[in-house]
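Have a look at target.tsv; it's TSV, C-alpha atoms:
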```
chain	number	residue	atom	x	y	z
A	17	MET	CA	109.11	108.59	86.55
A	18	GLY	CA	109.05	106.29	89.58
A	19	MET	CA	105.38	105.47	89.07
A	20	LEU	CA	105.90	104.84	85.34
A	21	PHE	CA	108.75	102.45	86.09
A	22	VAL	CA	106.61	100.55	88.61
A	23	LEU	CA	103.71	100.28	86.14
A	24	ILE	CA	105.98	99.00	83.35
A	25	PHE	CA	107.62	96.50	85.71
A	26	TRP	CA	104.31	95.07	86.89
A	27	ALA	CA	102.91	95.03	83.34
A	28	ILE	CA	105.82	92.81	82.27
A	29	VAL	CA	105.36	90.57	85.31
A	30	PHE	CA	101.62	90.21	84.63
A	31	VAL	CA	102.15	89.39	80.94
A	32	VAL	CA	104.74	86.71	81.72
A	33	LEU	CA	102.59	85.27	84.51
A	34	SER	CA	99.53	85.23	82.27
A	35	LEU	CA	101.39	83.33	79.54
A	36	ILE	CA	102.75	80.77	82.01
A	37	LEU	CA	99.37	80.18	83.66
A	38	GLY	CA	97.66	80.06	80.27
A	39	LEU	CA	100.03	77.37	79.03
A	40	ILE	CA	99.52	75.37	82.23
A	41	THR	CA	95.76	75.27	81.67
A	42	LEU	CA	96.02	73.83	78.14
A	43	PRO	CA	96.65	70.15	79.07
A	44	PHE	CA	93.79	70.20	81.58
A	45	SER	CA	91.32	71.70	79.12
A	46	TYR	CA	92.46	69.26	76.41
A	47	PHE	CA	91.93	66.09	78.48
A	48	LEU	CA	88.93	67.24	80.56
A	49	CYS	CA	86.86	68.90	77.85
A	50	LYS	CA	85.13	66.73	75.28
A	51	ARG	CA	82.63	69.17	73.84
A	52	GLN	CA	83.87	72.38	72.18
A	53	ARG	CA	87.40	71.34	73.09
A	54	LYS	CA	89.26	73.83	70.90
A	55	LYS	CA	87.14	76.75	72.00
A	56	LYS	CA	87.54	75.83	75.66
A	57	MET	CA	91.29	75.44	75.22
A	58	VAL	CA	91.47	78.97	73.82
A	59	LEU	CA	89.31	80.29	76.65
A	60	SER	CA	91.41	78.45	79.24
A	61	PHE	CA	94.58	79.95	77.80
A	62	LEU	CA	93.10	83.46	77.81
A	63	THR	CA	91.39	83.30	81.22
A	64	PRO	CA	94.46	83.89	83.45
A	65	GLY	CA	95.49	86.93	81.39
A	66	VAL	CA	91.99	88.36	81.34
A	67	PHE	CA	91.61	87.75	85.08
A	68	ILE	CA	94.93	89.39	85.94
A	69	GLY	CA	94.35	92.27	83.52
A	70	ILE	CA	90.85	93.14	84.74
A	71	TYR	CA	91.81	92.81	88.39
A	72	ALA	CA	94.94	94.93	87.92
A	73	VAL	CA	93.18	97.71	86.01
A	74	SER	CA	90.19	97.84	88.35
A	75	SER	CA	92.53	97.86	91.36
A	76	PHE	CA	94.52	100.75	89.90
A	77	VAL	CA	91.31	102.72	89.32
A	78	CYS	CA	90.21	102.02	92.91
A	79	MET	CA	93.61	103.12	94.22
A	80	ILE	CA	93.21	106.45	92.40
A	81	ILE	CA	89.70	106.92	93.82
A	82	ILE	CA	90.87	106.04	97.35
A	83	ALA	CA	93.81	108.45	97.02
A	84	ILE	CA	91.44	111.25	96.01
A	85	ILE	CA	89.06	110.53	98.89
A	86	LEU	CA	91.79	110.19	101.52
A	87	GLY	CA	93.99	112.94	100.09
A	88	SER	CA	96.93	110.52	100.02
A	89	ASP	CA	99.34	109.21	97.41
A	90	ILE	CA	98.13	106.55	94.98
A	91	GLY	CA	100.13	103.80	96.66
A	92	ILE	CA	102.74	103.10	94.00
A	93	GLY	CA	105.81	105.01	92.95
A	94	ASP	CA	108.62	106.61	94.93
A	95	SER	CA	106.73	108.94	97.27
A	96	TRP	CA	104.32	108.36	100.14
A	97	SER	CA	101.87	110.74	101.79
A	98	ILE	CA	98.92	110.51	104.14
A	99	PRO	CA	96.97	113.47	105.55
A	100	LEU	CA	97.00	114.45	109.20
A	101	LYS	CA	94.63	116.99	110.75
A	102	ASN	CA	94.39	120.69	109.94
A	103	GLY	CA	96.35	120.74	106.69
A	104	TYR	CA	99.36	118.72	107.80
A	105	GLU	CA	100.60	115.52	106.21
A	106	LEU	CA	103.05	112.71	106.78
A	107	THR	CA	105.34	112.22	103.78
A	108	SER	CA	108.33	110.13	102.76
A	109	VAL	CA	110.39	109.45	99.66
A	110	ASP	CA	111.36	106.04	98.22
A	111	THR	CA	110.38	104.05	101.34
A	112	PRO	CA	108.38	104.96	104.45
A	113	GLU	CA	111.25	104.00	106.75
A	114	TYR	CA	111.94	107.69	107.42
A	115	ALA	CA	109.06	110.18	107.19
A	116	ASN	CA	108.48	113.90	107.64
A	117	ILE	CA	105.65	116.14	108.77
A	118	ASN	CA	104.86	118.93	106.29
A	119	SER	CA	102.19	121.57	105.82
A	120	ARG	CA	100.13	120.97	102.69
A	121	ASN	CA	99.86	124.74	102.19
A	122	ASP	CA	103.62	125.22	102.14
A	123	PRO	CA	104.80	125.35	98.49
A	124	LEU	CA	108.37	124.63	99.63
A	125	LYS	CA	107.26	121.57	101.65
A	126	GLU	CA	109.59	122.44	104.52
A	127	ASN	CA	110.03	119.56	106.96
A	128	LEU	CA	108.55	120.58	110.31
A	129	ILE	CA	109.67	117.28	111.85
A	130	ASP	CA	111.95	114.99	109.87
A	131	GLU	CA	113.47	111.51	110.01
A	132	ILE	CA	110.44	110.09	111.82
A	133	THR	CA	110.60	106.32	112.32
A	134	HIS	CA	107.57	105.72	114.59
A	135	ILE	CA	104.35	107.67	114.94
A	136	GLN	CA	101.00	107.89	116.73
A	137	VAL	CA	98.15	110.37	116.54
A	138	VAL	CA	96.86	111.28	120.00
A	139	GLY	CA	93.94	113.70	119.94
A	140	ASP	CA	95.13	116.86	118.20
A	141	SER	CA	98.80	115.95	118.41
A	142	VAL	CA	101.22	113.69	116.60
A	143	ILE	CA	103.81	111.98	118.74
A	144	GLY	CA	106.66	109.82	117.62
A	145	LYS	CA	110.26	108.73	117.57
A	146	GLU	CA	113.03	110.06	115.34
A	147	ALA	CA	115.97	108.28	113.75
A	148	ASP	CA	118.36	109.59	116.41
A	149	GLY	CA	116.34	107.86	119.13
A	150	ASN	CA	114.76	111.03	120.51
A	151	TYR	CA	111.02	111.70	120.68
A	152	PHE	CA	108.76	114.55	119.60
A	153	ILE	CA	105.29	116.00	120.19
A	154	PHE	CA	103.72	118.06	117.40
A	155	ASN	CA	100.49	119.98	117.96
A	156	LEU	CA	98.25	119.82	114.88
A	157	GLN	CA	96.15	122.78	116.04
A	158	ASN	CA	98.76	125.48	116.45
A	159	GLY	CA	101.90	123.93	114.94
A	160	ASP	CA	103.84	123.97	118.20
A	161	LYS	CA	106.46	121.27	118.48
A	162	GLU	CA	108.71	119.78	121.11
A	163	ASP	CA	111.46	117.57	119.77
A	164	ASN	CA	114.77	116.07	120.89
A	165	LEU	CA	112.98	114.71	123.96
A	166	ASN	CA	114.44	111.76	125.81
A	167	TYR	CA	112.06	108.98	126.75
A	168	GLN	CA	111.59	110.16	130.32
A	169	ASN	CA	110.71	113.73	129.33
A	170	PHE	CA	108.54	112.43	126.54
A	171	THR	CA	106.44	110.18	128.79
A	172	THR	CA	106.22	112.91	131.43
A	173	LYS	CA	104.80	115.39	128.93
A	174	MET	CA	102.30	112.78	127.75
A	175	LYS	CA	100.93	112.67	131.30
A	176	SER	CA	100.36	108.91	131.44
A	177	ARG	CA	98.35	108.90	128.18
A	178	SER	CA	98.55	105.61	126.32
A	179	ILE	CA	101.60	105.46	124.04
A	180	THR	CA	101.46	102.88	121.25
A	181	LEU	CA	103.90	104.05	118.60
A	182	VAL	CA	103.97	102.13	115.31
A	183	ASN	CA	106.47	102.28	112.47
A	184	ASN	CA	105.61	104.45	109.49
A	185	ASN	CA	104.80	101.55	107.18
A	186	THR	CA	102.25	100.21	109.67
A	187	TYR	CA	100.71	103.66	110.09
A	188	TYR	CA	100.38	104.15	106.31
A	189	TRP	CA	98.69	100.75	105.99
A	190	GLU	CA	96.31	101.36	108.91
A	191	GLN	CA	94.99	104.51	107.21
A	192	ARG	CA	94.32	102.62	103.98
A	193	LYS	CA	93.42	99.17	105.31
A	194	VAL	CA	89.62	99.31	105.31
A	195	PRO	CA	89.15	101.01	101.90
A	196	TYR	CA	91.78	98.71	100.33
A	197	ILE	CA	90.08	95.57	101.65
A	198	ILE	CA	86.68	96.78	100.39
A	199	ALA	CA	88.19	97.70	97.02
A	200	GLY	CA	89.97	94.34	96.77
A	201	ILE	CA	86.72	92.43	97.31
A	202	PHE	CA	84.89	94.70	94.86
A	203	CYS	CA	87.55	94.20	92.17
A	204	LEU	CA	87.53	90.44	92.71
A	205	LEU	CA	83.75	90.28	92.24
A	206	ILE	CA	83.96	92.38	89.07
A	207	THR	CA	86.73	90.14	87.70
A	208	ILE	CA	84.86	86.91	88.43
A	209	LEU	CA	81.71	88.32	86.82
A	210	ALA	CA	83.70	89.37	83.74
A	211	ILE	CA	85.28	85.91	83.39
A	212	LYS	CA	81.91	84.17	83.73
A	213	THR	CA	80.43	86.51	81.13
A	214	LEU	CA	83.34	85.86	78.75
A	215	TRP	CA	82.90	82.10	78.95
A	216	ARG	CA	79.13	82.28	78.66
A	217	ILE	CA	79.20	84.47	75.56
A	218	ALA	CA	82.12	82.62	73.92
A	219	LEU	CA	80.51	79.18	74.31
A	220	ILE	CA	77.21	80.36	72.87
A	221	TYR	CA	78.64	81.73	69.61
```
Could I get this structure in the form of structure tokens?
Amino acid sequence: MGMLFVLIFWAIVFVVLSLILGLITLPFSYFLCKRQRKKKMVLSFLTPGVFIGIYAVSSFVCMIIIAIILGSDIGIGDSWSIPLKNGYELTSVDTPEYANINSRNDPLKENLIDEITHIQVVGDSVIGKEADGNYFIFNLQNGDKEDNLNYQNFTTKMKSRSITLVNNNTYYWEQRKVPYIIAGIFCLLITILAIKTLWRIALIY
């Protein structure tokens, strides 16, 4: 239901934005175009909507493909998930402000570590900070965990290994950053090609 609401919301936003941008283009196409003025005015009005529509649909398809490849959530809706090693995952509901570590094979999705605010993957372990200000170390190989650690005990157990905790939102983005950038460029190229093809075909006939 959360994903459906998000899709409907953005569909309305895109339609309104397309209409506004389309209307803005009309005076420019009227005064700047001498040949095939009416046809170019129609194309100018339609171009923002076509651009937004193609880019949005192609982006959504890419998000689904990326989610399948990464084993993560799609990126919209009211739940977040990103895989960790050995069948574990980092999940959250509504917003990534507070996250949990779960086993993907657990049908009950019991929280092994909950209310995580900051996280880092170090080798075969996940380390992080919880909402109560304590720290944890979770072994992704055997499932062993040490939580409710104060900062001194936490750093001692890490044995001087580099600690660079990031908030959950940053961690989610870092796992998706490269494929999302590649997909964004790919979708932009497809959209530009589609717009050029539309104009070329429309002005011929």
Which residues, protein or nucleic acid, reach to within 9 Å of (80.8, 77.1, 69.9) in the file's coordinates when using all atoms listed in the file, and can you give that as a tab-separated table (two decimals) with C-alpha atoms, in the frame of the given file?
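Contents of the output file point33.tsv:
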```
chain	number	residue	atom	x	y	z
A	52	GLN	CA	83.87	72.38	72.18
A	55	LYS	CA	87.14	76.75	72.00
A	56	LYS	CA	87.54	75.83	75.66
A	218	ALA	CA	82.12	82.62	73.92
A	219	LEU	CA	80.51	79.18	74.31
A	220	ILE	CA	77.21	80.36	72.87
A	221	TYR	CA	78.64	81.73	69.61
```
With 5 Å of padding per side, what axis-aligned box (centre and edge lengths, Å, one decimal) covers all the listed atoms of region 204-218 of chain A? Give it as AutoDock Vina command-line options.
```
--center_x 83.3 --center_y 87.2 --center_z 83.3 --size_x 18.4 --size_y 20.3 --size_z 28.8
```
Exercise for review: Please check which residues have atoms at most 9 Å from (104.9, 103.4, 115.4) in the file's coordinates, counting only C-alpha atoms, and write them as JSON, numbers by chain.
Suggested key: {"A": [133, 134, 135, 136, 144, 145, 180, 181, 182, 183, 184, 185, 186, 187]}
Check your understanding: In Å, with one decimal, what is the gap from CA of Phe44 (chain A) to CA of Val58 (chain A)?
Key ->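 CA of Val58 (chain A) lies at a distance of 11.9 Å from CA of Phe44 (chain A).
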Point to revise | Selected residue of minimal separation from Val31 (chain A) among A:Gly69, A:Leu48, A:Met19, A:Arg216, counting only C-alpha atoms | key: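 Once distances to Val31 (chain A) are computed over only C-alpha atoms, the minimum belongs to A:Gly69.
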Practice item. State, in Å with one decimal place, the distance from CA of Glu126 (chain A) to CA of Asp148 (chain A). Key: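 CA of Asp148 (chain A) lies at a distance of 19.6 Å from CA of Glu126 (chain A).
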Exercise for review: Would you mind reading off the distance between CA of Asn164 (chain A) and CA of Asn121 (chain A), one decimal, in Å?
Suggested key: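 Computed distance, CA of Asn164 (chain A) to CA of Asn121 (chain A), equals 25.4 Å.
Shortest atom-to-atom contact with Leu86 (chain A) among A:Glu146, A:Glu131, A:Asp140, A:Glu105: A:Glu105, counting all atoms listed in the file.
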